[in-house]
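Just below is one structure, and these are the notes that go with it.
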Number of protein chains: 8
Amino acid sequence: MELTVYLAGQIHDDWREQVKKKAGDKNLPLTFVAPQTNHERSDNVGEDILGEQPGNYYKDDAASSINNFRTQVLLQKSDVVIVLFGEQYKQWNTAMDASTAISLNKPTIIVRPKSLIHPLKELSNKANVTVDTIDQALDVLSYIYE
Amino acid sequence: MELTVYLAGQIHDDWREQVKKKAGDKNLPLTFVAPQTNHERSDNVGEDILGEQPGNYYKDDAASSINNFRTQVLLQKSDVVIVLFGEQYKQWNTAMDASTAISLNKPTIIVRPKSLIHPLKELSNKANVTVDTIDQALDVLSYIYE
Amino acid sequence: MELTVYLAGQIHDDWREQVKKKAGDKNLPLTFVAPQTNHERSDNVGEDILGEQPGNYYKDDAASSINNFRTQVLLQKSDVVIVLFGEQYKQWNTAMDASTAISLNKPTIIVRPKSLIHPLKELSNKANVTVDTIDQALDVLSYIYE
Amino acid sequence: MELTVYLAGQIHDDWREQVKKKAGDKNLPLTFVAPQTNHERSDNVGEDILGEQPGNYYKDDAASSINNFRTQVLLQKSDVVIVLFGEQYKQWNTAMDASTAISLNKPTIIVRPKSLIHPLKELSNKANVTVDTIDQALDVLSYIYE
Amino acid sequence: MELTVYLAGQIHDDWREQVKKKAGDKNLPLTFVAPQTNHERSDNVGEDILGEQPGNYYKDDAASSINNFRTQVLLQKSDVVIVLFGEQYKQWNTAMDASTAISLNKPTIIVRPKSLIHPLKELSNKANVTVDTIDQALDVLSYIYE
Amino acid sequence: MELTVYLAGQIHDDWREQVKKKAGDKNLPLTFVAPQTNHERSDNVGEDILGEQPGNYYKDDAASSINNFRTQVLLQKSDVVIVLFGEQYKQWNTAMDASTAISLNKPTIIVRPKSLIHPLKELSNKANVTVDTIDQALDVLSYIYE
Amino acid sequence: MELTVYLAGQIHDDWREQVKKKAGDKNLPLTFVAPQTNHERSDNVGEDILGEQPGNYYKDDAASSINNFRTQVLLQKSDVVIVLFGEQYKQWNTAMDASTAISLNKPTIIVRPKSLIHPLKELSNKANVTVDTIDQALDVLSYIYE
Amino acid sequence: MELTVYLAGQIHDDWREQVKKKAGDKNLPLTFVAPQTNHERSDNVGEDILGEQPGNYYKDDAASSINNFRTQVLLQKSDVVIVLFGEQYKQWNTAMDASTAISLNKPTIIVRPKSLIHPLKELSNKANVTVDTIDQALDVLSYIYE
């Protein structure tokens with residue numbers, strides 16, 4: 001059974017490549033989709049497509065409408081969602097994606113360092129599973145195929 | 001037409017009291033509900049009810065299950081949701097409540113300082129309206145009754 | 001059985017007052033809600049609440065977010081929707097409200113002059129009932145109570 | 001990831017062919033579906049299949065029922081919806097299709113000339129993204145695959 | 001706990017009056033709603049409101065649109081549905097109302113004479129309870145309050 | 001675009017074979033599914049699988065549970081539903097299937113002889129299209145692919 | 001804010017009376033509803049209303065259809081569900097009610113003795129909160145009103 | 001038409017292998033999915049992935065969250081659900097899976113020995129079909145393809 005997995009969360013390191021490589025090593029029949037991971041492109045896409053906006057608020061609104069469009073398309077095609085929180089940044093769109101996925105009844109795994117247990121406690125409680133590491137998330141995915 | 005308004009967001013100052021007072025001054029027929037705003041009680045409610053847990057992770061999980069129960073009850077009874085973000089703290093449960101409300105098709109207003117425009121841009125784009133101040137949020141509520 | 005009726009559509013004459021008066025004359029236990037019918041206020045509400053915007057596009061976007069917020073609140077509280085099309089203006093938000101109401105399974109009556117039969121044919125076909133006059137719309141509402 | 005895109009909107013020029021050609025030039029794995037674009041056939045299909053009707057109102061109702069049937073089939077099979085408004089005609093079925101798509105949580109892009117910003121403001125606010133040109137709409141679709 | 005009960009089914013005798021009287025005798029806190037039970041009015045309501053139609057097919061279509069509007073309003077306000085089948089007539093709108101109620105998760109009781117067991121077997125299997133008499137239907141309603 | 005079509009309705013002649021042959025002649029990419037069309041098997045399947053039942057009521061209930069199971073599986077996999085009514089028999093399960101399909105937002109075509117216009121008027125009004133003949137139903141299906 | 005609470009679970013002792021009394025002592029504005037708690041009546045209601053059945057299987061099926069009708073009516077009217085498991089009996093209808101409530105997004109509290117932790121682990125994980133005693137369940141309800 | 005079948009229920013004998021073999025003998029185009037059937041692995045998976053927990057309650061909660069994740073993924077991909085109850089064990093997660101499947105409108109077959117008729121009566125009444133043996137369940141699946 002092939003499954004599509006949406007990888008939500010921070011775009012400041014290569015964690016998605018690690019997930020894909022580890023899934024490949026385990027021969028799991030998974031397809032991965034994700035938000036735009038080029039941070040600059042993600043922030044500028046509104047102006048890139050719609051032209052210059054009259055200030056940062058409008059630039060951000062234009063970019064976010066296109067990022068949300070992309071996320072909605074890919075999230076609806078996904079069977080499972082993995083959400084990774086890191087220690088830096090506000091990551092409110094990460095929390096938004098996690099909560100949207102849960103509201104859509106998408107089975108959801110949260111990955112976060114132990115230092116974030118307390119601020120993520122309500123979201124962790126609503127997700128199916130919360131783990132500390134990418135390897136554990138892959139163990140959970142792998143368990144589907146045992 | 002009487003409406004119930006859920007006031008999601010930070011619990012570190014008395015903004016909810018301000019909202020209620022201002023709504024009273026405008027004679028708006030609104031009932032307000034909210035999460036537990038006593039921070040200590042909110043963090044401890046799991047152990048308060050279920051007894052001592054074997055560490056902080058378990059204490060947090062117990063508390064969050066009861067906080068999420070309360071939120072689910074009150075959010076489902078609400079017609080409108082106002083979400084306030086402040087400059088401090090992670091506020092991921094605030095982002096979670098906002099996103100859940102939007103997924104449930106609850107008309108949603110976000111209040112946040114201009115300094116948070118960028119990190120909240122995707123969530124603002126999905127909410128109905130984003131404003132800078134509580135007074136503006138009340139202007140929006142008041143507009144329903146014009 | 002009391003019912004709430006949303007009166008969608010053009011805001012350029014006093015048709016809503018006619019509906020209310022005729023419903024009163026028939027002693028129908030109906031409560032009517034509606035969009036902002038002060039056209040100027042409707043167009044300016046974004047800048048009235050959020051402050052001056054950097055051009056007409058942004059002024060319109062700000063206003064529409066608050067008008068859509070109001071419509072969503074009131075439409076969700078309604079049991080029945082009446083939509084009136086006139087001969088002037090684009091009225092795309094009227095078509096949008098009608099289609100949203102139908103998608104939400106709100107029983108919907110369209111009122112339009114015979115001159116608009118052709119351009120409204122697909123929307124009329126999806127609504128429950130299409131009539132030519134306000135009196136006929138009230139006859140349909142009245143029929144619920146026979 | 002292959003996606004199906006419904007192209008709603010006016011049927012008075014060949015904009016759908018332009019979309020398909022440009023998507024082909026970009027090698028995007030998209031399948032396009034659309035309403036009946038032969039205007040005469042669209043208007044006559046009711047009488048073509050069901051036989052002569054007793055007047056224009058009945059001819060239009062018969063045609064619209066079959067057009068709505070077609071739209072419902074194809075819209076439900078689509079992952080994304082692009083809606084194009086032109087400067088002519090009432091285009092209320094275009095607004096209806098856009099609003100239906102949004103109500104069904106289909107990610108939706110509106111294309112319209114700047115001259116239509118004001119009358120489309122509420123619908124634009126509810127869609128994911130609004131752009132001025134077909135090229136921009138394709139840039140948004142293309143962004144999914146970056 | 002007050003409940004609203006929709007009484008679907010044949011309109012050729014006074015069974016609804018019997019239901020109301022028996023519920024009154026048992027002091028059950030029930031409000032009853034129903035389709036138009038004046039058969040002639042039900043058949044003519046399309047022409048009564050919309051004017052003369054060009055033949056029986058169009059007269060029937062006009063009437064049915066208004067009858068369906070009424071049913072949709074009242075069914076959505078109901079907590080329970082009772083559907084009565086008699087031995088005469090096609091009663092396909094009765095079967096339609098029963099099936100719609102079941103699809104909407106309205107708890108549904110079918111009342112039918114034993115002679116109709118076979119032709120109603122699939123519908124009976126999908127309803128919550130099927131009984132032979134009005135008295136038995138009231139016993140089931142009464143059981144809610146024990 | 002391949003579509004699956006559920007053929008609901010009477011099982012007393014070979015109309016489904018006619019539909020399939022005509023669709024083949026038109027080269028339409030359609031897969032057809034249907035209820036059990038062997039009438040005797042359909043009536044006996046409860047006892048065939050579950051063993052002898054204590055009377056006709058119980059035999060019918062057992063058969064209908066398995067017939068409803070089959071219908072639910074196949075209807076959920078279908079993109080379009082065609083419902084045929086003939087002049088004989090009660091056909092309440094046919095009306096039930098039509099109404100269930102409509103409630104599930106399955107695009108639905110009713111085929112019925114003109115003699116049944118009046119008793120089917122409410123159901124016809126809720127379906128997308130009502131036609132008189134199988135050829136017309138195929139013309140509607142064919143229209144999707146023009 | 002008044003809430004309706006459904007009390008699912010075993011009917012072999014007076015735990016529901018304890019809940020009501022304790023809620024009264026705390027002055028909580030709660031209305032409680034429940035299944036039939038007279039065990040004999042619950043088992044016999046099918047035959048009581050529909051007449052003697054041809055064996056235990058048929059007697060049980062008749063009773064369960066009426067019990068499920070009652071539960072569906074009352075569960076849909078409830079805002080919160082409390083489910084109590086005891087040490088005896090199979091209690092599969094209790095597990096069914098809990099799971100139905102969770103699927104309907106009803107906020108749900110499970111009460112069970114510690115001896116049942118292991119067999120109830122999957123259900124507890126899906127409920128909002130699991131507690132050991134009725135007093136704890138009331139503490140959770142009470143927390144809504146703090 | 002290929003269908004995916006989720007096999008819920010006890011994991012203490014090889015009944016799933018019997019189902020697969022019998023389906024193979026009948027050449028039914030079915031794919032089967034199931035929970036983790038290695039009982040020890042199912043009980044330990046929480047600690048296996050997340051590390052040692054501070055007691056049995058926490059070990060069980062960790063395991064159940066991963067088991068529920070797996071079930072949610074596979075149940076959502078399934079077209080049909082078969083639920084088998086045996087005479088031993090509490091099997092509350094089996095009842096939970098059955099009830100969840102029914103709430104999701106998955107066509108559901110229950111298999112149980114006649115000794116369990118009484119305790120399973122409410123759940124049987126809500127499922128599509130209840131049978132005594134695996135062979136009968138396969139006869140029901142096979143009936144889809146006749």
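Identifiers in the structure tokens: chain A, B, ... in order shown; residue index from 1 per chain; ligand index from 1 in order shown.
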Quick one: residues within 9 Å of Asp97 of chain B, only C-alpha atoms counted, chain neighbours fewer than 3 positions away excluded, as a PDB file with all heavy atoms, in the first residue's frame?
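The resulting file, around-v8.pdb, is reproduced below:
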```pdb
ATOM      1  N   MET A  96      -0.060  25.707  12.669  1.00  0.00           N
ATOM      2  CA  MET A  96      -1.282  25.788  11.856  1.00  0.00           C
ATOM      3  C   MET A  96      -1.437  24.563  10.973  1.00  0.00           C
ATOM      4  O   MET A  96      -2.521  23.962  10.909  1.00  0.00           O
ATOM      5  CB  MET A  96      -1.214  27.043  10.990  1.00  0.00           C
ATOM      6  CG  MET A  96      -2.352  27.206  10.033  1.00  0.00           C
ATOM      7  SD  MET A  96      -2.093  28.647   8.930  1.00  0.00           S
ATOM      8  CE  MET A  96      -1.045  27.923   7.641  1.00  0.00           C
ATOM      9  N   SER A  99      -2.398  21.542  13.103  1.00  0.00           N
ATOM     10  CA  SER A  99      -3.778  21.604  13.572  1.00  0.00           C
ATOM     11  C   SER A  99      -4.762  21.400  12.428  1.00  0.00           C
ATOM     12  O   SER A  99      -5.796  20.734  12.588  1.00  0.00           O
ATOM     13  CB  SER A  99      -4.004  22.956  14.250  1.00  0.00           C
ATOM     14  OG  SER A  99      -5.274  23.023  14.817  1.00  0.00           O
TER      15      SER A  99
ATOM     16  N   ALA B   8      -9.567  33.105  22.376  1.00  0.00           N
ATOM     17  CA  ALA B   8      -8.370  32.274  22.444  1.00  0.00           C
ATOM     18  C   ALA B   8      -7.129  33.138  22.602  1.00  0.00           C
ATOM     19  O   ALA B   8      -7.116  34.302  22.203  1.00  0.00           O
ATOM     20  CB  ALA B   8      -8.252  31.444  21.172  1.00  0.00           C
ATOM     21  N   GLY B   9      -6.073  32.551  23.142  1.00  0.00           N
ATOM     22  CA  GLY B   9      -4.803  33.267  23.140  1.00  0.00           C
ATOM     23  C   GLY B   9      -4.163  33.394  24.495  1.00  0.00           C
ATOM     24  O   GLY B   9      -4.548  32.714  25.450  1.00  0.00           O
ATOM     25  N   THR B  71     -11.474  23.332  25.920  1.00  0.00           N
ATOM     26  CA  THR B  71     -11.498  24.137  24.699  1.00  0.00           C
ATOM     27  C   THR B  71     -12.483  23.569  23.686  1.00  0.00           C
ATOM     28  O   THR B  71     -13.233  24.302  23.041  1.00  0.00           O
ATOM     29  CB  THR B  71     -10.091  24.196  24.075  1.00  0.00           C
ATOM     30  OG1 THR B  71      -9.197  24.749  25.032  1.00  0.00           O
ATOM     31  CG2 THR B  71     -10.087  25.052  22.822  1.00  0.00           C
ATOM     32  N   LEU B  75     -15.404  25.822  22.309  1.00  0.00           N
ATOM     33  CA  LEU B  75     -15.262  26.236  20.913  1.00  0.00           C
ATOM     34  C   LEU B  75     -16.467  25.777  20.095  1.00  0.00           C
ATOM     35  O   LEU B  75     -16.984  26.503  19.242  1.00  0.00           O
ATOM     36  CB  LEU B  75     -13.966  25.644  20.347  1.00  0.00           C
ATOM     37  CG  LEU B  75     -13.400  26.256  19.075  1.00  0.00           C
ATOM     38  CD1 LEU B  75     -13.117  27.734  19.254  1.00  0.00           C
ATOM     39  CD2 LEU B  75     -12.093  25.550  18.694  1.00  0.00           C
ATOM     40  N   VAL B  83      -8.736  35.577  18.412  1.00  0.00           N
ATOM     41  CA  VAL B  83      -7.459  34.981  18.825  1.00  0.00           C
ATOM     42  C   VAL B  83      -6.450  36.097  19.015  1.00  0.00           C
ATOM     43  O   VAL B  83      -6.186  36.861  18.081  1.00  0.00           O
ATOM     44  CB  VAL B  83      -6.931  34.033  17.733  1.00  0.00           C
ATOM     45  CG1 VAL B  83      -5.661  33.325  18.212  1.00  0.00           C
ATOM     46  CG2 VAL B  83      -7.990  33.035  17.304  1.00  0.00           C
ATOM     47  N   TRP B  92       1.927  28.173  20.839  1.00  0.00           N
ATOM     48  CA  TRP B  92       1.507  27.223  19.812  1.00  0.00           C
ATOM     49  C   TRP B  92       0.093  26.720  20.041  1.00  0.00           C
ATOM     50  O   TRP B  92      -0.589  26.350  19.096  1.00  0.00           O
ATOM     51  CB  TRP B  92       2.519  26.059  19.741  1.00  0.00           C
ATOM     52  CG  TRP B  92       3.796  26.491  19.080  1.00  0.00           C
ATOM     53  CD1 TRP B  92       3.923  27.344  18.025  1.00  0.00           C
ATOM     54  CD2 TRP B  92       5.121  26.084  19.397  1.00  0.00           C
ATOM     55  NE1 TRP B  92       5.236  27.497  17.683  1.00  0.00           N
ATOM     56  CE2 TRP B  92       6.014  26.734  18.501  1.00  0.00           C
ATOM     57  CE3 TRP B  92       5.660  25.221  20.352  1.00  0.00           C
ATOM     58  CZ2 TRP B  92       7.382  26.552  18.529  1.00  0.00           C
ATOM     59  CZ3 TRP B  92       7.024  25.038  20.379  1.00  0.00           C
ATOM     60  CH2 TRP B  92       7.885  25.699  19.479  1.00  0.00           C
ATOM     61  N   ASN B  93      -0.338  26.663  21.300  1.00  0.00           N
ATOM     62  CA  ASN B  93      -1.738  26.271  21.484  1.00  0.00           C
ATOM     63  C   ASN B  93      -2.673  27.376  20.994  1.00  0.00           C
ATOM     64  O   ASN B  93      -3.779  27.103  20.544  1.00  0.00           O
ATOM     65  CB  ASN B  93      -2.050  25.829  22.919  1.00  0.00           C
ATOM     66  CG  ASN B  93      -1.614  26.837  23.936  1.00  0.00           C
ATOM     67  OD1 ASN B  93      -1.016  27.869  23.580  1.00  0.00           O
ATOM     68  ND2 ASN B  93      -1.899  26.576  25.197  1.00  0.00           N
ATOM     69  N   THR B  94      -2.204  28.626  21.017  1.00  0.00           N
ATOM     70  CA  THR B  94      -3.008  29.698  20.423  1.00  0.00           C
ATOM     71  C   THR B  94      -3.132  29.499  18.913  1.00  0.00           C
ATOM     72  O   THR B  94      -4.235  29.595  18.347  1.00  0.00           O
ATOM     73  CB  THR B  94      -2.362  31.067  20.727  1.00  0.00           C
ATOM     74  OG1 THR B  94      -2.245  31.214  22.148  1.00  0.00           O
ATOM     75  CG2 THR B  94      -3.205  32.201  20.163  1.00  0.00           C
ATOM     76  N   THR B 100      -7.797  25.381  14.375  1.00  0.00           N
ATOM     77  CA  THR B 100      -8.961  24.508  14.580  1.00  0.00           C
ATOM     78  C   THR B 100     -10.246  25.271  14.299  1.00  0.00           C
ATOM     79  O   THR B 100     -11.148  24.761  13.617  1.00  0.00           O
ATOM     80  CB  THR B 100      -8.976  23.976  16.029  1.00  0.00           C
ATOM     81  OG1 THR B 100      -7.766  23.266  16.263  1.00  0.00           O
ATOM     82  CG2 THR B 100     -10.165  23.057  16.257  1.00  0.00           C
ATOM     83  N   ALA B 101     -10.332  26.483  14.814  1.00  0.00           N
ATOM     84  CA  ALA B 101     -11.536  27.299  14.594  1.00  0.00           C
ATOM     85  C   ALA B 101     -11.765  27.524  13.102  1.00  0.00           C
ATOM     86  O   ALA B 101     -12.889  27.379  12.607  1.00  0.00           O
ATOM     87  CB  ALA B 101     -11.406  28.637  15.321  1.00  0.00           C
ATOM     88  N   ILE B 102     -10.716  27.842  12.376  1.00  0.00           N
ATOM     89  CA  ILE B 102     -10.851  28.074  10.935  1.00  0.00           C
ATOM     90  C   ILE B 102     -11.281  26.792  10.228  1.00  0.00           C
ATOM     91  O   ILE B 102     -12.161  26.812   9.359  1.00  0.00           O
ATOM     92  CB  ILE B 102      -9.517  28.615  10.370  1.00  0.00           C
ATOM     93  CG1 ILE B 102      -9.234  30.018  10.930  1.00  0.00           C
ATOM     94  CG2 ILE B 102      -9.552  28.653   8.841  1.00  0.00           C
ATOM     95  CD1 ILE B 102      -7.800  30.492  10.729  1.00  0.00           C
TER      96      ILE B 102
END
```
Excluding Ile82 of chain D and its own-chain neighbours fewer than 4 positions away, which residues fall within 9 Å of it when counting only C-alpha atoms? Please give them as a PDB file with N, CA and C atoms, in the first residue's frame.
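part-v9.pdb written:
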```pdb
ATOM      1  N   VAL D   5      -7.157  19.838 -12.976  1.00  0.00           N
ATOM      2  CA  VAL D   5      -7.489  21.251 -12.797  1.00  0.00           C
ATOM      3  C   VAL D   5      -8.767  21.574 -13.572  1.00  0.00           C
ATOM      4  N   TYR D   6      -9.762  22.073 -12.866  1.00  0.00           N
ATOM      5  CA  TYR D   6     -10.999  22.504 -13.525  1.00  0.00           C
ATOM      6  C   TYR D   6     -10.862  23.967 -13.910  1.00  0.00           C
ATOM      7  N   LEU D   7     -11.158  24.263 -15.170  1.00  0.00           N
ATOM      8  CA  LEU D   7     -11.033  25.630 -15.693  1.00  0.00           C
ATOM      9  C   LEU D   7     -12.426  26.240 -15.838  1.00  0.00           C
ATOM     10  N   ALA D   8     -12.870  26.940 -14.805  1.00  0.00           N
ATOM     11  CA  ALA D   8     -14.197  27.547 -14.827  1.00  0.00           C
ATOM     12  C   ALA D   8     -14.131  28.925 -15.466  1.00  0.00           C
ATOM     13  N   GLY D   9     -15.243  29.386 -16.002  1.00  0.00           N
ATOM     14  CA  GLY D   9     -15.297  30.770 -16.458  1.00  0.00           C
ATOM     15  C   GLY D   9     -15.770  30.940 -17.874  1.00  0.00           C
ATOM     16  N   ALA D  98     -17.015  29.243  -8.795  1.00  0.00           N
ATOM     17  CA  ALA D  98     -15.938  29.639  -7.889  1.00  0.00           C
ATOM     18  C   ALA D  98     -16.363  29.427  -6.439  1.00  0.00           C
ATOM     19  N   PRO D 107      -8.744  24.050  -3.626  1.00  0.00           N
ATOM     20  CA  PRO D 107      -7.855  25.216  -3.746  1.00  0.00           C
ATOM     21  C   PRO D 107      -8.166  25.962  -5.049  1.00  0.00           C
ATOM     22  N   THR D 108      -8.378  27.281  -4.958  1.00  0.00           N
ATOM     23  CA  THR D 108      -8.971  28.037  -6.061  1.00  0.00           C
ATOM     24  C   THR D 108      -8.169  29.294  -6.374  1.00  0.00           C
ATOM     25  N   ILE D 109      -7.903  29.487  -7.690  1.00  0.00           N
ATOM     26  CA  ILE D 109      -7.240  30.684  -8.195  1.00  0.00           C
ATOM     27  C   ILE D 109      -8.224  31.453  -9.070  1.00  0.00           C
ATOM     28  N   ILE D 110      -8.382  32.749  -8.829  1.00  0.00           N
ATOM     29  CA  ILE D 110      -9.206  33.589  -9.695  1.00  0.00           C
ATOM     30  C   ILE D 110      -8.287  34.411 -10.588  1.00  0.00           C
ATOM     31  N   VAL D 111      -8.639  34.471 -11.878  1.00  0.00           N
ATOM     32  CA  VAL D 111      -7.943  35.341 -12.831  1.00  0.00           C
ATOM     33  C   VAL D 111      -8.937  36.401 -13.292  1.00  0.00           C
ATOM     34  N   ALA D 137      -1.401  32.720 -13.159  1.00  0.00           N
ATOM     35  CA  ALA D 137      -2.066  31.510 -12.654  1.00  0.00           C
ATOM     36  C   ALA D 137      -1.166  30.293 -12.861  1.00  0.00           C
TER      37      ALA D 137
END
```
Interatomic distance, atom CA of Tyr143 of chain F to atom CA of Gln36 of chain D (Å, one decimal): 8.2 Å
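Of note, atom CA of Val129 of chain C and atom CA of Lys114 of chain F are spaced 23.1 Å apart.
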Using only C-alpha atoms: which of D:Arg16, D:Arg112, D:Lys26, D:Lys90 has the shortest distance to chain C: D:Lys90
Gly86 of chain H surroundings by only C-alpha atoms, 10 Å radius, close-in-sequence under 5 positions cut, as JSON, numbers by chain: {"H": [9, 10, 11, 12, 13, 91, 111, 112, 113, 115, 116]}
Identify, on the basis of only C-alpha atoms, every residue whose closest approach to Ile144 of chain C does not exceed 9 Å; exclude the query and any residue fewer than 3 positions from it along the same chain; express the result as a compact mmCIF listing (two decimals) with C-alpha atoms, in the first residue's frame.
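Once everything was written out, this is result-v6.txt:
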```txt
# COMPACT_ATOMS: atom_id res chain seq x y z
CA VAL C 140 -43.11 30.55 -0.44
CA LEU C 141 -42.05 31.42 3.12
CA PRO E 35 -45.45 18.50 4.75
CA GLN E 36 -48.46 20.26 3.29
CA ASN E 67 -42.70 21.31 -1.54
CA PHE E 69 -38.13 23.73 -0.04
CA ARG E 70 -40.66 23.32 2.76
CA THR E 71 -39.50 19.79 3.55
CA VAL E 73 -36.54 23.66 6.09
CA LEU E 74 -38.58 21.52 8.46
```
Chain F contacts to chain C at 12 Å (only C-alpha atoms) as an MDAnalysis selection string: chainID F and resid 103 105 122 125:129
Leu28 of chain A environment, 9 Å, only C-alpha atoms, sequence neighbours closer than 4 positions dropped, as a PyMOL selection string: chain A and resi 2+23-24+141-142+145
Selected residues written out with N, CA, C and O atoms, as an mmCIF file, in the first residue's frame:
```cif
data_model
loop_
_atom_site.group_PDB
_atom_site.id
_atom_site.type_symbol
_atom_site.label_atom_id
_atom_site.label_comp_id
_atom_site.auth_asym_id
_atom_site.auth_seq_id
_atom_site.Cartn_x
_atom_site.Cartn_y
_atom_site.Cartn_z
ATOM 1 N N GLU A 2 0.797 2.015 -1.077
ATOM 2 C CA GLU A 2 1.581 3.238 -1.185
ATOM 3 C C GLU A 2 0.893 4.378 -0.436
ATOM 4 O O GLU A 2 -0.328 4.533 -0.505
ATOM 5 N N ALA A 23 13.769 6.582 4.725
ATOM 6 C CA ALA A 23 12.638 5.810 4.201
ATOM 7 C C ALA A 23 13.103 4.945 3.030
ATOM 8 O O ALA A 23 12.657 3.802 2.872
ATOM 9 N N GLY A 24 13.985 5.499 2.210
ATOM 10 C CA GLY A 24 14.537 4.707 1.106
ATOM 11 C C GLY A 24 15.336 3.522 1.628
ATOM 12 O O GLY A 24 15.213 2.403 1.121
ATOM 13 N N LEU A 141 6.206 5.143 11.003
ATOM 14 C CA LEU A 141 5.745 4.882 9.634
ATOM 15 C C LEU A 141 5.994 3.423 9.246
ATOM 16 O O LEU A 141 5.148 2.769 8.622
ATOM 17 N N SER A 142 7.147 2.946 9.621
ATOM 18 C CA SER A 142 7.537 1.581 9.267
ATOM 19 C C SER A 142 6.590 0.566 9.892
ATOM 20 O O SER A 142 6.296 -0.477 9.318
ATOM 21 N N TYR A 145 3.733 -1.018 8.057
ATOM 22 C CA TYR A 145 3.976 -2.080 7.070
ATOM 23 C C TYR A 145 4.415 -3.406 7.677
ATOM 24 O O TYR A 145 4.673 -4.352 6.947
#
```
Nearby residues (only C-alpha atoms) at most 7 Å from segment 50-62 of chain G, same-chain spacing under 3 positions excluded, as JSON, numbers by chain: {"E": [131], "F": [54], "G": [43, 46, 47, 65, 66], "H": [117, 118, 121, 125]}
DSSP helix (DSSP H, G or I) residues within chain D, as a VMD selection string: chain D and resid 15 to 25 39 to 50 56 to 76 92 to 103 114 to 116 121 to 126 134 to 144
Segment 27-144 of chain B: residues DSSP assigns to strand (DSSP E or B), reported as a count of residues only: 16
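Computed from the coordinates, the atom CA of Gln88 of chain D to atom CA of Asn38 of chain C distance equals 27.2 Å.
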Surrounding residues of Leu3 of chain G excluding itself and chain neighbours under 4 positions, 9 Å, only C-alpha atoms, as a VMD selection string: chain G and resid 29 to 32 78 to 80
